[in-house]
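Undergrad: Provided below: run_27.txt, containing compact mmCIF, C-alpha atoms and all ligand atoms.
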# COMPACT_ATOMS: atom_id res chain seq x y z
CA MET A 1 -30.84 20.68 46.98
CA ALA A 2 -30.25 18.56 43.93
CA GLU A 3 -27.61 19.76 41.53
CA VAL A 4 -29.02 21.42 38.42
CA LYS A 5 -27.97 19.50 35.37
CA ASN A 6 -27.70 21.16 32.01
CA ILE A 7 -29.97 19.44 29.56
CA SER A 8 -29.24 20.05 25.90
CA GLU A 9 -31.75 20.60 23.14
CA GLU A 10 -30.46 17.46 21.44
CA GLU A 11 -31.38 15.44 24.50
CA VAL A 12 -34.87 16.90 24.40
CA TRP A 13 -35.36 15.98 20.75
CA SER A 14 -34.10 12.48 21.31
CA ALA A 15 -36.40 12.00 24.33
CA LEU A 16 -39.30 13.18 22.17
CA GLU A 17 -38.54 10.29 19.81
CA ASN A 18 -40.03 8.08 22.53
CA VAL A 19 -43.44 9.65 22.16
CA LYS A 20 -45.75 8.07 19.61
CA ASP A 21 -49.14 8.95 18.24
CA PRO A 22 -51.16 6.08 19.74
CA GLU A 23 -53.00 5.75 16.44
CA ILE A 24 -49.74 5.16 14.56
CA PRO A 25 -47.53 3.36 17.06
CA VAL A 26 -44.56 2.80 14.73
CA ILE A 27 -43.39 6.35 14.25
CA SER A 28 -42.51 9.03 16.71
CA ILE A 29 -44.18 12.41 16.84
CA VAL A 30 -40.85 13.91 15.75
CA GLU A 31 -40.77 11.82 12.58
CA MET A 32 -44.42 12.68 12.05
CA GLY A 33 -43.41 16.35 11.97
CA MET A 34 -45.73 17.17 14.83
CA ILE A 35 -43.19 18.95 17.01
CA THR A 36 -42.89 22.55 15.90
CA GLY A 37 -40.62 23.91 18.58
CA VAL A 38 -38.48 23.17 21.60
CA GLU A 39 -37.43 25.97 23.89
CA LEU A 40 -35.31 25.66 27.02
CA THR A 41 -36.39 28.72 28.96
CA SER A 42 -34.11 27.97 31.91
CA THR A 43 -32.09 25.02 33.15
CA SER A 44 -35.20 23.66 34.80
CA LYS A 45 -37.95 24.56 32.39
CA CYS A 46 -38.76 23.50 28.87
CA VAL A 47 -41.55 24.43 26.47
CA VAL A 48 -42.51 22.02 23.72
CA THR A 49 -44.93 23.06 21.00
CA MET A 50 -46.74 20.57 18.86
CA THR A 51 -49.32 20.68 16.09
CA PRO A 52 -51.94 17.96 15.86
CA THR A 53 -52.47 16.08 12.60
CA PHE A 54 -56.21 16.79 12.78
CA VAL A 55 -57.85 19.52 14.84
CA GLY A 56 -60.14 16.97 16.47
CA CYS A 57 -57.45 14.35 17.04
CA PRO A 58 -58.57 12.55 20.20
CA ALA A 59 -55.02 11.53 21.09
CA ILE A 60 -53.66 15.04 21.68
CA GLY A 61 -54.23 14.91 25.43
CA MET A 62 -52.46 11.61 25.69
CA MET A 63 -49.48 12.80 23.66
CA LYS A 64 -49.20 15.97 25.73
CA LYS A 65 -49.05 13.83 28.85
CA ASP A 66 -46.42 11.54 27.31
CA ILE A 67 -44.29 14.52 26.31
CA ALA A 68 -44.48 15.99 29.80
CA GLU A 69 -43.52 12.63 31.26
CA GLN A 70 -40.47 12.31 29.00
CA MET A 71 -39.34 15.83 29.92
CA THR A 72 -39.74 15.17 33.62
CA LYS A 73 -37.70 12.02 33.20
CA LEU A 74 -34.95 14.06 31.54
CA GLY A 75 -34.80 16.19 34.67
CA PHE A 76 -36.90 19.25 33.96
CA GLU A 77 -38.79 20.58 36.94
CA GLU A 78 -41.26 22.47 34.86
CA VAL A 79 -42.67 21.46 31.49
CA GLU A 80 -45.13 23.22 29.28
CA VAL A 81 -46.64 21.55 26.23
CA ARG A 82 -48.37 23.96 23.91
CA VAL A 83 -50.65 23.11 21.06
CA ASP A 84 -49.57 25.24 18.16
CA LEU A 85 -52.17 26.18 15.58
CA ALA A 86 -49.95 28.76 13.90
CA THR A 87 -48.16 25.97 12.11
CA SER A 88 -50.55 23.76 10.20
CA TRP A 89 -49.63 20.12 10.07
CA THR A 90 -49.48 18.89 6.51
CA SER A 91 -48.61 15.38 5.44
CA ASP A 92 -45.47 16.77 3.79
CA ARG A 93 -44.10 17.49 7.26
CA MET A 94 -43.66 13.76 7.66
CA GLN A 95 -40.03 12.69 7.38
CA PRO A 96 -39.16 10.32 4.48
CA GLU A 97 -38.10 7.69 7.01
CA ALA A 98 -41.54 7.92 8.59
CA LYS A 99 -43.19 7.21 5.25
CA ARG A 100 -41.08 4.07 4.84
CA LYS A 101 -42.01 2.91 8.33
CA LEU A 102 -45.68 3.51 7.65
CA GLU A 103 -45.56 1.34 4.57
CA LYS A 104 -43.81 -1.47 6.48
CA PHE A 105 -46.51 -1.15 9.13
CA GLY A 106 -49.09 -1.86 6.41
CA LEU A 107 -50.38 1.69 6.11
CA ALA A 108 -49.80 3.30 2.71
CA PRO A 109 -47.99 6.64 3.18
CA PRO A 110 -49.62 9.87 2.00
CA PRO A 111 -48.79 10.95 -1.55
CA SER A 112 -47.18 14.38 -1.88
CA LEU A 113 -49.39 17.22 -3.00
CA LEU A 114 -48.12 19.84 -5.40
CA ALA A 115 -48.25 23.38 -4.08
CA ASP A 116 -51.46 24.48 -5.79
CA GLU A 117 -52.91 21.05 -6.44
CA GLU A 118 -56.51 20.52 -5.37
CA LEU A 119 -57.27 17.49 -3.29
CA SER A 120 -59.11 14.90 -5.36
CA GLU A 121 -59.56 11.18 -5.68
CA GLU A 122 -56.78 11.31 -8.27
CA VAL A 123 -54.31 12.50 -5.66
CA LEU A 124 -55.37 9.73 -3.29
CA ASN A 125 -54.89 7.23 -6.11
CA ARG A 126 -51.16 7.92 -6.29
CA VAL A 127 -50.46 5.06 -3.96
CA ARG A 128 -49.22 1.51 -3.97
CA CYS A 129 -50.50 -1.42 -1.98
CA PRO A 130 -48.36 -1.85 1.16
CA HIS A 131 -48.86 -5.64 0.98
CA CYS A 132 -47.79 -6.37 -2.62
CA GLY A 133 -46.63 -3.06 -4.10
CA SER A 134 -49.25 -2.99 -6.86
CA THR A 135 -50.60 0.35 -8.02
CA ASP A 136 -53.82 -1.29 -9.22
CA THR A 137 -55.91 -0.17 -6.26
CA THR A 138 -59.14 1.71 -5.68
CA LEU A 139 -60.54 4.05 -3.05
CA ARG A 140 -63.30 2.43 -1.00
CA SER A 141 -63.85 5.29 1.39
CA SER A 142 -61.97 8.47 2.16
CA PHE A 143 -62.78 7.85 5.82
CA GLY A 144 -61.26 4.98 7.78
CA SER A 145 -60.86 3.75 11.31
CA THR A 146 -59.19 6.98 12.43
CA LEU A 147 -59.40 10.55 11.14
CA CYS A 148 -56.13 10.27 9.27
CA ARG A 149 -56.92 7.11 7.30
CA ALA A 150 -58.76 6.20 4.11
CA ILE A 151 -59.79 2.70 3.07
CA ARG A 152 -58.60 1.15 -0.20
CA PHE A 153 -58.75 -2.17 -1.98
CA CYS A 154 -55.95 -3.80 -3.98
CA PHE A 155 -57.08 -5.62 -7.15
CA HIS A 156 -53.78 -7.46 -7.40
CA CYS A 157 -53.58 -9.19 -4.02
CA LYS A 158 -57.32 -8.82 -3.36
CA GLN A 159 -56.80 -7.34 0.06
CA GLY A 160 -58.05 -4.22 1.69
CA PHE A 161 -55.59 -1.74 3.14
CA GLU A 162 -55.54 1.66 4.78
CA GLN A 163 -53.93 4.79 3.47
CA PHE A 164 -52.66 7.74 5.46
CA LYS A 165 -54.53 10.67 3.94
CA PRO A 166 -52.63 13.55 2.39
CA VAL A 167 -53.42 16.82 4.17
CA GLN A 168 -52.62 20.24 2.77
CA MET B 1 -61.22 45.19 16.20
CA ASN B 2 -64.92 44.89 16.85
CA ASN B 3 -65.01 42.11 19.45
CA ASN B 4 -68.75 41.67 19.33
CA ALA B 5 -68.64 41.09 15.60
CA VAL B 6 -65.92 38.46 15.94
CA LYS B 7 -67.72 36.77 18.82
CA GLU B 8 -70.92 36.55 16.84
CA LEU B 9 -69.05 34.95 13.96
CA LEU B 10 -67.22 32.47 16.17
CA TYR B 11 -70.34 31.47 18.07
CA LYS B 12 -72.37 30.72 15.01
CA MET B 13 -69.57 28.72 13.43
CA ALA B 14 -68.87 26.78 16.62
CA ASP B 15 -72.55 26.09 17.28
CA ASP B 16 -73.10 24.94 13.70
CA ALA B 17 -70.13 22.60 14.00
CA LEU B 18 -71.18 21.22 17.38
CA ILE B 19 -74.78 20.59 16.38
CA ILE B 20 -74.10 19.15 12.92
CA GLY B 21 -71.34 17.06 14.53
CA HIS B 22 -73.85 15.55 16.92
CA ARG B 23 -76.38 14.99 14.17
CA ASN B 24 -73.80 13.27 11.96
CA SER B 25 -72.67 11.10 14.85
CA GLU B 26 -76.20 9.71 15.06
CA TRP B 27 -75.32 7.67 11.96
CA THR B 28 -72.69 5.77 13.91
CA GLY B 29 -73.75 2.15 13.93
CA ILE B 30 -76.75 2.62 11.65
CA GLY B 31 -75.19 3.88 8.39
CA PRO B 32 -76.57 2.29 5.23
CA MET B 33 -73.19 0.61 4.75
CA LEU B 34 -69.99 0.35 6.76
CA GLU B 35 -68.13 2.98 4.70
CA GLU B 36 -70.89 5.51 5.24
CA ASP B 37 -71.00 4.69 8.90
CA LEU B 38 -67.29 5.52 9.10
CA ALA B 39 -67.64 8.60 6.92
CA PHE B 40 -70.38 10.21 8.98
CA SER B 41 -68.63 9.26 12.23
CA SER B 42 -65.32 10.73 11.04
CA ILE B 43 -66.94 13.89 9.76
CA ALA B 44 -68.72 14.20 13.10
CA GLN B 45 -65.44 13.87 14.96
CA ASP B 46 -63.83 16.57 12.82
CA LYS B 47 -66.78 18.92 13.35
CA ILE B 48 -66.76 18.51 17.11
CA GLY B 49 -63.00 19.13 17.00
CA HIS B 50 -63.61 22.37 15.11
CA ALA B 51 -66.32 23.40 17.56
CA LEU B 52 -63.94 22.86 20.45
CA ALA B 53 -61.18 24.83 18.71
CA LEU B 54 -63.58 27.74 18.09
CA TYR B 55 -64.90 27.72 21.67
CA THR B 56 -61.27 27.66 22.81
CA ILE B 57 -60.54 30.85 20.83
CA LEU B 58 -63.65 32.45 22.36
CA HIS B 59 -62.38 31.50 25.80
CA ASP B 60 -58.63 32.11 25.47
CA VAL B 61 -58.64 35.19 23.26
CA LEU B 62 -61.99 36.83 23.87
CA GLY B 63 -62.62 36.04 27.51
CA GLU B 64 -65.78 33.99 27.08
CA PRO B 65 -66.56 31.08 29.48
CA HIS B 66 -64.78 27.73 29.33
CA PRO B 67 -65.43 25.56 26.24
CA ASP B 68 -67.27 22.89 28.26
CA GLN B 69 -69.51 25.58 29.63
CA LEU B 70 -70.15 26.94 26.13
CA GLY B 71 -70.80 23.56 24.61
CA PHE B 72 -73.01 22.09 27.28
CA MET B 73 -74.30 24.65 29.71
CA ARG B 74 -75.96 27.26 27.55
CA LYS B 75 -79.67 27.70 27.00
CA GLU B 76 -81.25 27.13 23.64
CA LYS B 77 -81.68 30.85 22.95
CA ASP B 78 -77.93 31.40 23.40
CA PHE B 79 -77.11 29.06 20.54
CA HIS B 80 -76.49 30.69 17.17
CA CYS B 81 -76.58 27.65 14.91
CA CYS B 82 -78.79 27.80 11.85
CA GLN B 83 -81.96 25.75 11.98
CA TYR B 84 -80.74 23.53 9.15
CA VAL B 85 -78.17 21.75 11.32
CA GLU B 86 -80.74 21.11 14.06
CA GLN B 87 -83.03 19.07 11.87
CA PRO B 88 -83.19 15.37 12.70
CA ILE B 89 -81.11 13.09 10.47
CA GLY B 90 -84.21 11.80 8.70
CA GLU B 91 -83.60 9.35 5.91
CA TYR B 92 -80.08 8.89 4.59
CA ASP B 93 -80.84 11.04 1.53
CA PHE B 94 -81.67 14.03 3.73
CA SER B 95 -78.48 13.63 5.77
CA LEU B 96 -76.34 13.15 2.69
CA MET B 97 -77.83 16.22 1.03
CA ARG B 98 -77.20 18.23 4.19
CA GLN B 99 -73.65 16.97 4.38
CA PHE B 100 -73.12 18.10 0.78
CA LEU B 101 -74.81 21.51 1.05
CA PHE B 102 -73.54 22.43 4.50
CA ASP B 103 -69.95 21.30 4.01
CA ASN B 104 -69.56 23.10 0.70
CA ALA B 105 -70.58 26.30 2.50
CA GLU B 106 -68.29 25.44 5.40
CA LEU B 107 -65.26 24.93 3.17
CA LEU B 108 -65.79 28.25 1.39
CA ARG B 109 -66.26 29.97 4.75
CA TYR B 110 -63.00 28.57 6.10
CA GLU B 111 -61.17 29.33 2.85
CA ALA B 112 -62.25 32.96 3.10
CA LEU B 113 -61.22 33.00 6.76
CA THR B 114 -57.67 31.87 6.01
CA ARG B 115 -57.21 35.55 5.06
CA SER B 116 -59.00 36.92 8.12
CA SER B 117 -57.47 39.88 9.91
CA PHE B 118 -58.32 38.07 13.15
CA GLU B 119 -55.21 35.91 13.26
CA PRO B 120 -56.33 33.14 15.68
CA LEU B 121 -59.26 32.39 13.38
CA ALA B 122 -57.09 32.59 10.25
CA GLN B 123 -54.72 30.03 11.80
CA LEU B 124 -57.51 27.63 12.65
CA ALA B 125 -59.03 28.08 9.20
CA ARG B 126 -55.76 27.20 7.48
CA LYS B 127 -55.67 23.99 9.43
CA ALA B 128 -59.33 23.01 9.34
CA LYS B 129 -59.88 23.60 5.64
CA GLY B 130 -57.65 20.63 4.77
CA GLU B 131 -60.00 18.43 6.78
CA ILE B 132 -63.20 19.91 5.39
CA LYS B 133 -61.94 19.23 1.87
CA TYR B 134 -62.44 15.55 2.63
CA HIS B 135 -65.99 16.21 3.76
CA VAL B 136 -66.71 18.07 0.54
CA MET B 137 -65.08 15.36 -1.54
CA HIS B 138 -67.37 12.86 0.15
CA GLY B 139 -70.53 14.85 -0.51
CA ASP B 140 -69.60 15.72 -4.10
CA THR B 141 -68.72 12.12 -4.94
CA PHE B 142 -71.96 10.72 -3.56
CA MET B 143 -74.08 13.37 -5.27
CA LYS B 144 -72.62 12.40 -8.63
CA GLN B 145 -72.80 8.67 -7.96
CA LEU B 146 -76.34 8.54 -6.63
CA GLY B 147 -77.66 11.28 -8.90
CA ASN B 148 -76.55 9.20 -11.85
CA GLY B 149 -77.48 5.90 -10.21
CA SER B 150 -80.94 4.40 -10.33
CA GLU B 151 -84.14 6.26 -11.00
CA GLU B 152 -84.98 5.89 -7.33
CA SER B 153 -81.68 7.27 -6.03
CA GLN B 154 -81.95 10.29 -8.34
CA ALA B 155 -85.55 10.92 -7.32
CA ARG B 156 -84.75 10.64 -3.64
CA LEU B 157 -81.86 13.08 -3.91
CA GLN B 158 -84.01 15.54 -5.84
CA SER B 159 -86.70 15.42 -3.23
CA ALA B 160 -84.11 15.76 -0.44
CA LEU B 161 -82.75 18.81 -2.25
CA ASN B 162 -86.22 20.32 -2.61
CA ASN B 163 -86.96 19.74 1.07
CA SER B 164 -83.59 21.13 2.17
CA TRP B 165 -83.31 24.16 -0.02
CA HIS B 166 -84.90 26.87 2.11
CA LEU B 167 -83.35 25.43 5.25
CA ALA B 168 -79.91 25.45 3.63
CA LEU B 169 -80.25 29.07 2.56
CA GLY B 170 -80.75 29.87 6.24
CA ILE B 171 -77.03 29.17 6.72
CA PHE B 172 -76.40 32.60 5.23
CA GLU B 173 -78.64 34.60 7.53
CA ASN B 174 -76.95 37.97 7.89
CA SER B 175 -75.71 39.04 11.28
CA GLU B 176 -76.01 42.60 12.53
CA PHE B 177 -72.26 42.92 12.01
CA GLU B 178 -71.87 42.17 8.30
CA LYS B 179 -70.56 45.68 7.59
CA GLU B 180 -68.02 45.62 10.42
CA LEU B 181 -66.81 42.12 9.54
CA ILE B 182 -66.20 43.13 5.93
CA GLN B 183 -64.72 46.55 6.68
CA GLU B 184 -62.27 45.19 9.21
CA GLY B 185 -61.25 42.31 6.98
CA ILE B 186 -62.44 39.72 9.48
CA PHE B 187 -64.76 37.91 7.09
CA THR B 188 -66.05 38.46 3.57
CA GLY B 189 -69.66 38.31 4.78
CA GLU B 190 -72.65 36.01 4.32
CA GLU B 191 -73.84 37.45 1.00
CA GLU B 192 -70.48 36.91 -0.67
CA LEU B 193 -70.33 33.43 0.85
CA LYS B 194 -73.78 32.58 -0.49
CA ARG B 195 -72.81 33.78 -3.95
CA LYS B 196 -69.68 31.61 -3.96
CA TRP B 197 -71.62 28.66 -2.60
CA LEU B 198 -74.20 28.83 -5.38
CA GLU B 199 -71.39 29.07 -7.89
CA LYS B 200 -69.74 26.01 -6.37
CA ILE B 201 -72.70 23.66 -5.89
CA THR B 202 -74.56 24.43 -9.13
CA PRO B 203 -72.21 22.54 -11.49
CA THR B 204 -71.99 19.60 -9.08
CA LEU B 205 -75.78 19.35 -8.85
CA GLU B 206 -76.04 19.59 -12.62
CA ALA B 207 -73.49 16.81 -13.01
CA ALA B 208 -75.60 14.84 -10.55
CA ASN B 209 -78.66 15.26 -12.72
CA LEU B 210 -80.36 17.41 -10.08
CA LYS B 211 -82.36 20.56 -10.53
CA LEU B 212 -81.77 23.60 -8.36
CA PRO B 213 -85.09 24.49 -6.67
CA ALA B 214 -86.49 27.98 -7.16
CA THR B 215 -85.74 30.25 -4.23
CA GLU B 216 -88.67 31.91 -2.53
CA GLU B 217 -87.25 34.56 -0.23
CA ASN B 218 -90.13 34.36 2.23
CA LYS B 219 -89.63 30.62 2.69
CA ILE B 220 -85.98 30.79 3.76
CA VAL B 221 -85.67 29.49 7.29
CA TYR B 222 -83.98 32.24 9.28
CA GLY B 223 -83.84 32.84 13.00
CA GLY B 224 -81.21 30.41 14.20
CA ARG B 225 -78.45 33.01 14.15
CA LYS B 226 -80.52 35.17 16.48
CA GLY B 227 -81.36 32.42 18.93
CA SER B 228 -84.72 31.41 17.53
CA HIS B 229 -84.74 27.67 16.90
CA SER B 230 -86.82 24.79 15.69
CA GLU B 231 -88.48 22.36 18.10
CA PHE B 232 -85.59 19.96 17.47
CA LEU B 233 -82.77 21.83 19.21
CA THR B 234 -83.81 21.54 22.84
CA PRO B 235 -84.24 17.74 22.79
CA LEU B 236 -80.82 17.47 21.14
CA LEU B 237 -79.20 19.74 23.74
CA ASN B 238 -80.77 17.66 26.50
CA GLU B 239 -79.37 14.53 24.97
CA MET B 240 -75.91 16.09 24.61
CA THR B 241 -75.78 17.29 28.19
CA GLU B 242 -76.85 13.93 29.57
CA VAL B 243 -73.21 12.82 29.80
CA VAL B 244 -72.17 16.00 31.58
CA ARG B 245 -75.04 15.71 33.98
CA THR B 246 -74.12 12.10 34.76
CA ASP B 247 -70.40 12.74 35.07
CA ILE B 248 -69.32 16.36 35.35
CA ASP B 249 -65.66 15.42 34.72
CA ALA B 250 -66.28 13.39 31.59
CA GLU B 251 -63.91 14.40 28.81
CA TRP B 252 -65.09 15.06 25.30
ZN ZN C 1 -51.84 -5.66 -2.99
What is this file in structure tokens?
Ligand SMILES: [Zn+2]

TA:
Amino acid sequence: MAEVKNISEEEVWSALENVKDPEIPVISIVEMGMITGVELTSTSKCVVTMTPTFVGCPAIGMMKKDIAEQMTKLGFEEVEVRVDLATSWTSDRMQPEAKRKLEKFGLAPPPSLLADEELSEEVLNRVRCPHCGSTDTTLRSSFGSTLCRAIRFCFHCKQGFEQFKPVQ
Amino acid sequence: MNNNAVKELLYKMADDALIIGHRNSEWTGIGPMLEEDLAFSSIAQDKIGHALALYTILHDVLGEPHPDQLGFMRKEKDFHCCQYVEQPIGEYDFSLMRQFLFDNAELLRYEALTRSSFEPLAQLARKAKGEIKYHVMHGDTFMKQLGNGSEESQARLQSALNNSWHLALGIFENSEFEKELIQEGIFTGEEELKRKWLEKITPTLEAANLKLPATEENKIVYGGRKGSHSEFLTPLLNEMTEVVRTDIDAEW
């Protein structure tokens, strides 16, 4: 029988950094704030809980599979990936580093929402163009190519760009 | 907790979401402009996601059949959607008006449910309401833009509103469990929801230069919540189950 190796929680978190939301391939699901818990129930079993960005996110299945694969690679014999609805994903769960990466990727990061602020076009307008940095932009559509994106246009560089939508 | 009351609530919400989701998705590829194509497709995707989440609660927590079974294998009379969501997409003005009227009701419903004593539903509501806010923002924005646009766009919206009114009021058809739902803190009830909805949409319609039609109680289209549907539901269900019938393992 193979020797049971002790896998630390740190190793689990760092392996999870390898899993990306296929719709936003530059940041990991950890940086996205999608992992809500890691539990090592025994030396051979681990439970990972995640919360999807949108309830109907079509990539959840794929990410669950990727997480399980990473855990198996680490040496766990048994892996359980739970979808956690108790914790709502909000765009403020995104790590600051993730927001910088998004902008470099050409996707404007979500503006922060104040605690009791109502979502409005005004909130969406607190954004700068990821191409040229101008704030002279306008909302073209609050729905884009994926559930989490809105479409904008920059008057300064005359280019369209996508914005990651703030979610409360 | 009164399980039958909760089930009734979950079924009607899930069925509304599934059916309106499919209707909205019919705009994919034929929207009047690319942005609207994307909007209706995205809203559709969210709705079908919510339907799946609600069917999952019915299955996991309340012991009902598997979500695929619930979504695709039930008979027409077992569906509890209101007749409003079954109606064909019609012209764009009809669909836009429905998106506005239905989603405003939906957002208020989910907001009330964030405080539900039935925790699985409260959790889902907290998450879904952030998404539905975008749907409402879409409907509200377009009402104001088109209502204050050309004479034709205003007239078309007004006639869409007139044609939709008694269908839309059917959303709030009372269930036999209103008292239990309210007493047990599961939901604030359809009457309270309708009151809030009227309060919410009236100023938006006014700002859009549109007149609220007079309500004639006997014209309100009820029945959907009790399994009695328009002639449009069965053809839609047949179309939806075509994929399942072709490939039983297809994922949705
Ligand atoms: Zn620019």

Undergrad: Taking all atoms listed in the file into account, which residues of chain A are within 10 Å of chain B, as a compact mmCIF listing (two decimals) with C-alpha atoms, keeping the file's coordinate frame?

TA:
# COMPACT_ATOMS: atom_id res chain seq x y z
CA THR A 51 -49.32 20.68 16.09
CA PRO A 52 -51.94 17.96 15.86
CA THR A 53 -52.47 16.08 12.60
CA PHE A 54 -56.21 16.79 12.78
CA VAL A 55 -57.85 19.52 14.84
CA GLY A 56 -60.14 16.97 16.47
CA CYS A 57 -57.45 14.35 17.04
CA PRO A 58 -58.57 12.55 20.20
CA ASP A 84 -49.57 25.24 18.16
CA LEU A 85 -52.17 26.18 15.58
CA ALA A 86 -49.95 28.76 13.90
CA THR A 87 -48.16 25.97 12.11
CA SER A 88 -50.55 23.76 10.20
CA TRP A 89 -49.63 20.12 10.07
CA THR A 90 -49.48 18.89 6.51
CA GLU A 118 -56.51 20.52 -5.37
CA LEU A 119 -57.27 17.49 -3.29
CA SER A 120 -59.11 14.90 -5.36
CA GLU A 121 -59.56 11.18 -5.68
CA ARG A 140 -63.30 2.43 -1.00
CA SER A 141 -63.85 5.29 1.39
CA SER A 142 -61.97 8.47 2.16
CA PHE A 143 -62.78 7.85 5.82
CA GLY A 144 -61.26 4.98 7.78
CA SER A 145 -60.86 3.75 11.31
CA THR A 146 -59.19 6.98 12.43
CA LEU A 147 -59.40 10.55 11.14
CA CYS A 148 -56.13 10.27 9.27
CA ARG A 149 -56.92 7.11 7.30
CA ALA A 150 -58.76 6.20 4.11
CA ILE A 151 -59.79 2.70 3.07
CA LYS A 165 -54.53 10.67 3.94
CA PRO A 166 -52.63 13.55 2.39
CA VAL A 167 -53.42 16.82 4.17
CA GLN A 168 -52.62 20.24 2.77

Undergrad: Could you tell me, counting all atoms listed in the file, which protein and nucleic acid residues lie no more than 12 Å from ligand ZN 1 (chain C), written as a PyMOL selection string?

TA: chain A and resi 106-108+127-138+152-162

Undergrad: Take CA of Glu80 (chain A) and CA of Val6 (chain B) and report the distance between them in Å, one decimal.

TA: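 Value for the CA of Glu80 (chain A)-CA of Val6 (chain B) distance: 29.0 Å.
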
Undergrad: Using CA of Ser14 (chain A) and CA of Ser91 (chain A) as the two end points, give the distance in Å to one decimal.

TA: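 If I compute the distance from CA of Ser14 (chain A) to CA of Ser91 (chain A), I get 21.7 Å.
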
Undergrad: Separation of CA of Glu31 (chain A) and CA of Asn6 (chain A), in Å?

TA: 25.2 Å

Undergrad: Which residues of region 17-59 of chain B come within 12 Å of region 216-238 of chain B, and what is each one's closest atom pair and distance in Å (one decimal), counting only C-alpha atoms, sorted by chain and residue number, as CSV?

TA:
residue,atom,partner,partner_atom,distance
B:Leu18,CA,B:Leu237,CA,10.3
B:Ile19,CA,B:Leu236,CA,8.3
B:Ile20,CA,B:Leu236,CA,10.7
B:Gly21,CA,B:Leu236,CA,11.6
B:His22,CA,B:Leu236,CA,8.4
B:Arg23,CA,B:Leu236,CA,8.6
B:Glu26,CA,B:Leu236,CA,10.9

Undergrad: Nearest to Glu11 (chain A): which of A:Val26, A:Gln163, A:Phe76, A:Leu113 is it, counting only C-alpha atoms?

TA: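 Among the listed residues, the smallest separation from Glu11 (chain A) belongs to A:Phe76.
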
Undergrad: Could you check the closest approach to Glu91 (chain B) for each of B:Pro65, B:Gly71, B:Gly139, B:Pro32 and tell me which residue wins, using all atoms listed in the file?

TA: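 Of the candidates, the smallest distance to Glu91 (chain B) is held by B:Pro32.
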
Undergrad: Between A:Leu124, A:Arg82, A:Leu139, A:Ala15, which has the minimum distance to Thr36 (chain A) (counting all atoms listed in the file)?

TA: A:Arg82

Undergrad: Can you pull out the residues contacting Met62 (chain A)? Cut-off 12 Å, using only C-alpha atoms, and skip same-chain residues under 5 positions away; I want them as a list in words.

TA: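 Near neighbours after the sequence-gap exclusion: Val19, Lys20, Asp21, Pro22, Glu23, Pro52, Cys57, Ile67, Ala68, Glu69 and Val81 of chain A.
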
Undergrad: List the spatial neighbours of region 3-5 of chain B as a list in words - criterion: any atom at most 8 Å away, all atoms listed in the file, same-chain residues fewer than 6 positions off excluded.

TA: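 Near neighbours after the sequence-gap exclusion: Leu62, Phe177, Glu180 and Leu181 of chain B.
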
Undergrad: Using only C-alpha atoms, which of B:Ala105, B:Val243, B:Met73, B:Ile57 sits nearest Glu199 (chain B)?

TA: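 Of the candidates, the smallest distance to Glu199 (chain B) is held by B:Ala105.
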
Undergrad: So, counting only C-alpha atoms, which residue among B:Trp197, B:Trp165, B:Tyr55, B:Tyr11 is closest to Leu107 (chain B)?

TA: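 Smallest distance to Leu107 (chain B) is found for B:Trp197.
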
Undergrad: Leaving out Thr41 (chain A) and any residue of its chain fewer than 2 positions from it, which residues lie within 12 Å of it when counting only C-alpha atoms, given as a ChimeraX atom specification?

TA: /A:6-9,38-39,43-48,76-80

Undergrad: Keeping C-alpha atoms, export the residues of the selection given above as a PDB file, in the coordinates of the input.

TA:
ATOM      1  CA  ASN A   6     -27.700  21.160  32.010  1.00  0.00           C
ATOM      2  CA  ILE A   7     -29.970  19.440  29.560  1.00  0.00           C
ATOM      3  CA  SER A   8     -29.240  20.050  25.900  1.00  0.00           C
ATOM      4  CA  GLU A   9     -31.750  20.600  23.140  1.00  0.00           C
ATOM      5  CA  VAL A  38     -38.480  23.170  21.600  1.00  0.00           C
ATOM      6  CA  GLU A  39     -37.430  25.970  23.890  1.00  0.00           C
ATOM      7  CA  THR A  43     -32.090  25.020  33.150  1.00  0.00           C
ATOM      8  CA  SER A  44     -35.200  23.660  34.800  1.00  0.00           C
ATOM      9  CA  LYS A  45     -37.950  24.560  32.390  1.00  0.00           C
ATOM     10  CA  CYS A  46     -38.760  23.500  28.870  1.00  0.00           C
ATOM     11  CA  VAL A  47     -41.550  24.430  26.470  1.00  0.00           C
ATOM     12  CA  VAL A  48     -42.510  22.020  23.720  1.00  0.00           C
ATOM     13  CA  PHE A  76     -36.900  19.250  33.960  1.00  0.00           C
ATOM     14  CA  GLU A  77     -38.790  20.580  36.940  1.00  0.00           C
ATOM     15  CA  GLU A  78     -41.260  22.470  34.860  1.00  0.00           C
ATOM     16  CA  VAL A  79     -42.670  21.460  31.490  1.00  0.00           C
ATOM     17  CA  GLU A  80     -45.130  23.220  29.280  1.00  0.00           C
TER      18      GLU A  80
END
